[in-house]
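Engineer: Structure supplied as query_37.txt; contents: compact mmCIF, C-alpha atoms.
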# COMPACT_ATOMS: atom_id res chain seq x y z
CA MET B 859 9.06 -24.57 5.03
CA ARG B 860 5.43 -25.11 4.07
CA ARG B 861 3.63 -22.89 1.61
CA PRO B 862 1.43 -20.23 3.21
CA PRO B 863 -2.28 -21.00 2.86
CA ILE B 864 -3.87 -20.34 -0.52
CA LEU B 865 -7.00 -18.27 0.04
CA THR B 866 -9.67 -16.70 -2.08
CA ALA B 867 -9.56 -12.92 -2.34
CA ALA B 868 -12.61 -12.79 -0.05
CA GLN B 869 -10.89 -14.96 2.57
CA ALA B 870 -7.81 -12.76 2.43
CA ALA B 871 -9.91 -9.61 2.82
CA ALA B 872 -11.49 -11.15 5.93
CA LEU B 873 -8.06 -11.17 7.60
CA ILE B 874 -7.97 -7.37 7.78
CA PRO B 875 -9.22 -6.02 11.12
CA ASP B 876 -11.00 -2.74 11.76
CA GLY B 877 -8.60 0.15 12.27
CA ALA B 878 -5.71 -1.60 10.52
CA THR B 879 -2.91 0.20 8.72
CA VAL B 880 -2.71 -1.38 5.27
CA ALA B 881 0.27 -0.83 2.95
CA VAL B 882 -0.26 -1.54 -0.75
CA SER B 883 2.56 -1.98 -3.25
CA SER B 884 1.70 -0.90 -6.79
CA SER B 885 2.38 1.66 -9.51
CA SER B 886 -0.81 2.47 -11.37
CA ALA B 887 -1.61 -0.74 -13.30
CA ILE B 888 1.83 -2.22 -12.65
CA GLY B 889 1.82 -4.75 -9.83
CA CYS B 890 -1.65 -3.78 -8.65
CA PRO B 891 -3.19 -6.48 -6.37
CA ASP B 892 -6.59 -5.57 -7.76
CA ASP B 893 -8.46 -8.75 -6.83
CA VAL B 894 -7.62 -8.34 -3.15
CA LEU B 895 -8.47 -4.63 -3.13
CA ALA B 896 -11.80 -5.39 -4.82
CA ALA B 897 -12.56 -8.02 -2.17
CA ILE B 898 -11.86 -5.54 0.62
CA GLY B 899 -14.36 -3.11 -0.87
CA GLU B 900 -16.94 -5.86 -1.35
CA ARG B 901 -16.52 -7.08 2.22
CA PHE B 902 -17.09 -3.56 3.54
CA GLU B 903 -20.24 -3.18 1.45
CA GLN B 904 -21.59 -6.48 2.78
CA THR B 905 -20.49 -6.37 6.43
CA GLY B 906 -19.31 -2.86 7.30
CA SER B 907 -15.79 -4.16 7.90
CA PRO B 908 -12.96 -3.47 7.74
CA LYS B 909 -13.70 0.07 8.82
CA GLN B 910 -11.58 3.10 9.66
CA ILE B 911 -8.40 1.75 8.08
CA THR B 912 -5.30 3.70 7.11
CA SER B 913 -4.02 3.00 3.59
CA ILE B 914 -0.40 3.70 2.65
CA HIS B 915 0.93 3.60 -0.90
CA ALA B 916 4.09 5.12 -2.32
CA ILE B 917 2.59 5.16 -5.82
CA ASN B 918 -1.10 5.04 -6.70
CA SER B 919 -2.78 1.65 -7.12
CA GLY B 920 -4.82 1.17 -10.28
CA ASP B 921 -5.31 2.75 -13.68
CA MET B 922 -8.81 3.75 -14.76
CA SER B 923 -7.92 3.85 -18.45
CA ALA B 924 -6.69 0.24 -18.18
CA GLY B 925 -9.82 -0.90 -16.37
CA ILE B 926 -7.95 -1.56 -13.11
CA ASP B 927 -9.75 0.21 -10.26
CA GLY B 928 -7.10 -0.30 -7.59
CA SER B 929 -7.55 2.23 -4.77
CA ASN B 930 -11.03 3.09 -6.05
CA HIS B 931 -12.21 -0.25 -4.63
CA ILE B 932 -11.54 0.94 -1.08
CA ALA B 933 -12.51 4.60 -1.57
CA LYS B 934 -15.58 4.34 0.61
CA ALA B 935 -16.60 6.60 3.50
CA GLY B 936 -16.24 4.62 6.71
CA LEU B 937 -13.82 2.13 5.21
CA LEU B 938 -10.99 4.64 4.82
CA ALA B 939 -10.15 6.84 7.78
CA ARG B 940 -6.81 8.02 6.42
CA ILE B 941 -4.79 7.64 3.23
CA ILE B 942 -1.11 8.46 2.77
CA GLY B 943 0.12 8.39 -0.80
CA GLY B 944 2.88 9.46 -3.12
CA SER B 945 0.42 9.91 -5.99
CA TYR B 946 -3.29 9.68 -6.67
CA PRO B 947 -5.31 8.80 -9.77
CA ALA B 948 -6.39 11.64 -11.99
CA GLY B 949 -8.07 9.66 -14.77
CA PRO B 950 -8.61 10.82 -18.35
CA SER B 951 -10.66 14.02 -18.58
CA LYS B 952 -13.32 12.17 -20.58
CA MET B 953 -13.93 9.80 -17.65
CA ALA B 954 -15.62 10.42 -14.32
CA LYS B 955 -13.41 11.62 -11.48
CA PRO B 956 -11.84 8.67 -9.59
CA GLN B 957 -13.76 7.74 -6.45
CA VAL B 958 -10.70 8.11 -4.27
CA ARG B 959 -10.34 11.74 -5.35
CA GLU B 960 -14.06 12.34 -4.75
CA LEU B 961 -13.66 10.96 -1.23
CA LEU B 962 -10.61 12.95 -0.22
CA GLU B 963 -11.75 16.19 -1.87
CA SER B 964 -15.08 15.98 -0.03
CA GLY B 965 -13.32 15.48 3.31
CA GLY B 966 -14.52 11.90 3.60
CA CYS B 967 -11.16 10.83 4.98
CA GLN B 968 -7.85 12.33 6.05
CA ALA B 969 -5.47 12.44 3.09
CA TYR B 970 -1.78 13.19 2.58
CA MET B 971 0.37 13.60 -0.52
CA PHE B 972 4.03 12.95 0.33
CA PRO B 973 6.94 12.34 -2.06
CA SER B 974 6.98 8.69 -3.14
CA GLY B 975 10.55 8.23 -1.91
CA VAL B 976 9.59 9.55 1.51
CA VAL B 977 6.70 7.07 1.73
CA TYR B 978 9.10 4.23 0.89
CA GLN B 979 11.44 5.50 3.61
CA MET B 980 8.53 5.57 6.06
CA LEU B 981 7.91 1.89 5.32
CA ARG B 982 11.59 1.07 5.77
CA ALA B 983 11.67 3.00 9.04
CA ALA B 984 8.63 1.05 10.25
CA ALA B 985 10.35 -2.21 9.27
CA ALA B 986 13.49 -1.22 11.21
CA LYS B 987 11.41 0.01 14.17
CA GLN B 988 12.92 3.47 13.75
CA PRO B 989 10.94 6.49 14.96
CA GLY B 990 10.61 8.15 11.58
CA VAL B 991 12.24 9.80 8.58
CA PHE B 992 14.32 12.98 8.35
CA THR B 993 14.50 14.43 4.85
CA ASP B 994 15.32 17.70 3.14
CA VAL B 995 13.35 16.65 0.09
CA GLY B 996 10.40 19.00 -0.36
CA ILE B 997 11.53 21.92 1.80
CA GLY B 998 9.73 25.00 0.53
CA THR B 999 7.19 22.94 -1.42
CA TYR B 1000 3.67 21.63 -0.79
CA PHE B 1001 5.19 18.92 1.44
CA ASP B 1002 6.75 21.52 3.78
CA PRO B 1003 4.56 21.84 6.92
CA ARG B 1004 4.96 25.63 6.71
CA VAL B 1005 3.24 25.50 3.33
CA GLU B 1006 0.60 22.71 3.30
CA GLY B 1007 2.40 19.80 4.95
CA GLY B 1008 1.14 17.48 2.24
CA LYS B 1009 -2.42 17.75 3.57
CA MET B 1010 -5.06 17.36 0.88
CA ASN B 1011 -8.15 18.63 2.70
CA ASP B 1012 -9.31 20.55 5.76
CA VAL B 1013 -10.03 17.48 7.94
CA THR B 1014 -6.41 16.29 7.79
CA PRO B 1015 -4.19 17.07 10.81
CA ASP B 1016 -0.48 17.84 10.66
CA LEU B 1017 1.78 14.80 10.32
CA ALA B 1018 5.06 16.21 9.01
CA ARG B 1019 6.98 18.77 11.05
CA ILE B 1020 10.17 20.83 10.81
CA GLU B 1021 13.12 19.82 12.99
CA GLN B 1022 16.62 21.28 13.41
CA LEU B 1023 19.51 18.81 13.45
CA ASP B 1024 23.24 19.55 13.14
CA GLY B 1025 22.52 23.09 12.08
CA ARG B 1026 20.22 22.05 9.25
CA GLU B 1027 16.50 22.15 8.70
CA TRP B 1028 14.73 18.85 8.07
CA ILE B 1029 11.19 17.69 7.44
CA TYR B 1030 10.43 14.91 9.90
CA VAL B 1031 7.68 12.34 9.35
CA PRO B 1032 6.98 9.64 11.96
CA ALA B 1033 7.02 6.00 10.94
CA ILE B 1034 3.62 4.32 10.96
CA PRO B 1035 3.52 0.65 12.02
CA VAL B 1036 1.98 -1.52 9.31
CA ASP B 1037 -0.58 -4.20 10.19
CA VAL B 1038 -1.23 -5.60 6.71
CA ALA B 1039 0.85 -5.57 3.53
CA ILE B 1040 -0.80 -6.35 0.19
CA ILE B 1041 1.65 -7.09 -2.61
CA ARG B 1042 1.62 -8.74 -6.02
CA ALA B 1043 4.02 -11.20 -7.64
CA THR B 1044 3.89 -13.72 -10.47
CA THR B 1045 4.63 -17.16 -9.01
CA ALA B 1046 4.65 -18.66 -5.52
CA ASP B 1047 6.64 -21.86 -4.97
CA PRO B 1048 5.88 -24.59 -2.37
CA SER B 1049 7.48 -22.48 0.38
CA GLY B 1050 5.72 -19.28 -0.60
CA ASN B 1051 8.81 -17.72 -2.16
CA LEU B 1052 7.77 -15.15 -4.74
CA THR B 1053 9.17 -14.42 -8.19
CA PHE B 1054 8.26 -11.57 -10.51
CA GLU B 1055 8.98 -12.86 -14.00
CA ASP B 1056 5.77 -11.48 -15.53
CA GLU B 1057 5.78 -8.20 -13.60
CA ALA B 1058 6.97 -4.95 -15.14
CA ALA B 1059 8.77 -4.02 -11.90
CA VAL B 1060 9.21 -5.35 -8.37
CA LEU B 1061 8.60 -1.85 -6.93
CA GLY B 1062 8.58 -1.70 -3.11
CA THR B 1063 7.20 -5.18 -2.54
CA LEU B 1064 10.01 -6.32 -0.25
CA ASP B 1065 10.01 -3.12 1.85
CA THR B 1066 6.24 -3.29 2.18
CA ALA B 1067 6.28 -6.95 3.23
CA ILE B 1068 9.03 -6.46 5.80
CA ALA B 1069 7.23 -3.44 7.28
CA ALA B 1070 4.20 -5.60 8.09
CA HIS B 1071 6.14 -8.72 9.07
CA ASN B 1072 8.42 -6.91 11.53
CA ASN B 1073 5.41 -5.28 13.15
CA GLY B 1074 3.75 -8.64 13.77
CA GLY B 1075 1.33 -8.01 10.92
CA ILE B 1076 0.31 -10.12 7.95
CA VAL B 1077 1.47 -10.17 4.33
CA ILE B 1078 -1.03 -11.04 1.59
CA ALA B 1079 0.49 -11.86 -1.80
CA GLN B 1080 -1.62 -11.92 -4.94
CA VAL B 1081 0.02 -14.09 -7.61
CA LYS B 1082 -0.77 -15.29 -11.10
CA ARG B 1083 0.09 -18.91 -10.35
CA THR B 1084 1.70 -21.38 -7.98
CA THR B 1085 4.27 -24.03 -8.80
CA ASP B 1086 5.32 -27.31 -7.20
CA THR B 1087 8.93 -26.63 -8.18
CA LYS B 1088 11.14 -24.74 -5.76
CA HIS B 1089 12.37 -21.40 -7.11
CA PRO B 1090 16.13 -20.93 -7.57
CA PRO B 1091 17.14 -18.65 -4.66
CA ARG B 1092 18.58 -15.96 -6.94
CA GLU B 1093 15.20 -15.55 -8.63
CA VAL B 1094 13.30 -14.94 -5.39
CA HIS B 1095 12.55 -11.32 -4.53
CA VAL B 1096 10.22 -11.83 -1.55
CA PRO B 1097 11.00 -14.90 0.58
CA GLY B 1098 8.18 -17.12 1.74
CA ALA B 1099 9.13 -16.54 5.37
CA LEU B 1100 7.50 -13.12 5.02
CA VAL B 1101 4.28 -14.31 3.35
CA ASP B 1102 1.18 -15.25 5.37
CA ALA B 1103 -1.44 -15.78 2.66
CA ILE B 1104 -1.50 -16.29 -1.10
CA VAL B 1105 -4.33 -15.32 -3.43
CA VAL B 1106 -4.17 -16.81 -6.93
CA ALA B 1107 -5.47 -14.46 -9.63
CA PRO B 1108 -4.77 -16.19 -12.97
CA THR B 1109 -6.15 -13.29 -15.02
CA GLN B 1110 -3.91 -10.61 -13.52
CA GLU B 1111 -2.00 -8.66 -16.17
Translate this structure into structure tokens?
Structural biologist:
Amino acid sequence: MRRPPILTAAQAAALIPDGATVAVSSSSAIGCPDDVLAAIGERFEQTGSPKQITSIHAINSGDMSAGIDGSNHIAKAGLLARIIGGSYPAGPSKMAKPQVRELLESGGCQAYMFPSGVVYQMLRAAAAKQPGVFTDVGIGTYFDPRVEGGKMNDVTPDLARIEQLDGREWIYVPAIPVDVAIIRATTADPSGNLTFEDEAAVLGTLDTAIAAHNNGGIVIAQVKRTTDTKHPPREVHVPGALVDAIVVAPTQE
């Protein structure tokens, strides 16, 4: 198996079409593919594309206090049409409000706050081509459609709904097919197999990659380095068969 092409962050950003659903794996500063996210924002500023994308993340991307902008890079009116997240940046009180919060609070895009575990299950359902997720997590809370349904502003339509099954009440959320997955690892071998030896956690990288791959989408992996030595199979977390493009970011931390 040959290694997927090694691209610049700008070249990888150019692969994302208008209207795409983009899933990002991260947890604040941990595993944030910041170079690729920055390139997406820069491309939009220069060309107006990609526009009207949906962004999905189980845990927020980026950490303002660590100087990693993450989701702020793509928090631009016209670029984001919809964002579905398990958390959002707050930022230290002494710092300016994160751009992504400014955008969603102003109604600049549709925005949802769902439990992180539910977002991961949505990705897994998309990967398995299942219709959606039934969960009793969040009944009676902000996530319950009879309360707020996880909607973060007035321009956001209902997505979750209540269903009855086997005499029980469930919150149902439809799976959303993923067109592009953006993940981060440490090292890519000659076949594109990814290891995570310098990462604090692997997070949902595999689920996110499979969700895009099984939908006929593309998987972009930001890594710290490549190697000419094949990885031992037991050390591989994301196999190269799932990876379509590699972006080398030697300064990622």
Engineer: At a cut-off of 12 Å around the point (-18.3, 9.5, 2.0) (file coordinates), what residues fall inside when counting only C-alpha atoms? I'd like the answer as a list in words.
Structural biologist: Ile932, Ala933, Lys934, Ala935, Gly936, Leu937, Leu938, Ala939, Gln957, Val958, Arg959, Glu960, Leu961, Leu962, Glu963, Ser964, Gly965, Gly966, Cys967 and Gln968 of chain B
Engineer: Between B:His931, B:Lys1082, B:Lys987, B:Arg901, which has the minimum distance to Ile1034 of chain B (counting all atoms listed in the file)?
Structural biologist: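 Checking each candidate against Ile1034 of chain B, we get B:Lys987 as the closest.
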Engineer: Which one of B:Thr1014, B:Ser913, B:Gln1080, B:Ser945 sits closest to Glu1057 of chain B if you count only C-alpha atoms?
Structural biologist: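 Looking only at the distances to Glu1057 of chain B, the closest residue turns out to be B:Gln1080.
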Engineer: Excluding segment 1025-1032 of chain B and its own-chain neighbours fewer than 5 positions away, which residues fall within 12 Å of it when counting only C-alpha atoms? Please give them as a PyMOL selection string.
Structural biologist: chain B and resi 942+970+972-973+976-984+987-1005+1007-1008+1016-1020
Engineer: To one decimal place, how far is atom CA of Arg861 of chain B from atom CA of Thr1087 of chain B in Å?
Structural biologist: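 So the answer is 11.7 Å.
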Engineer: For Pro891 of chain B, list every protein, DNA or RNA residue within 10 Å, evaluated using all atoms listed in the file, and leave out those in the same chain fewer than 2 positions away; present the list as a PyMOL selection string.
Structural biologist: chain B and resi 867+882-884+887-889+893-896+919-920+926+928-929+1040-1043+1078-1081+1105+1107+1110
Engineer: Pick from B:Asp1086, B:Asp1065, B:Glu1021, B:Glu1093: nearest to Thr1053 of chain B, with all atoms listed in the file counted?
Structural biologist: B:Glu1093
Engineer: Quote the spacing between atom CA of Gly877 of chain B and atom CA of Phe902 of chain B in Å to one decimal place.
Structural biologist: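 Interatomic distance, atom CA of Gly877 of chain B to atom CA of Phe902 of chain B: 12.7 Å.
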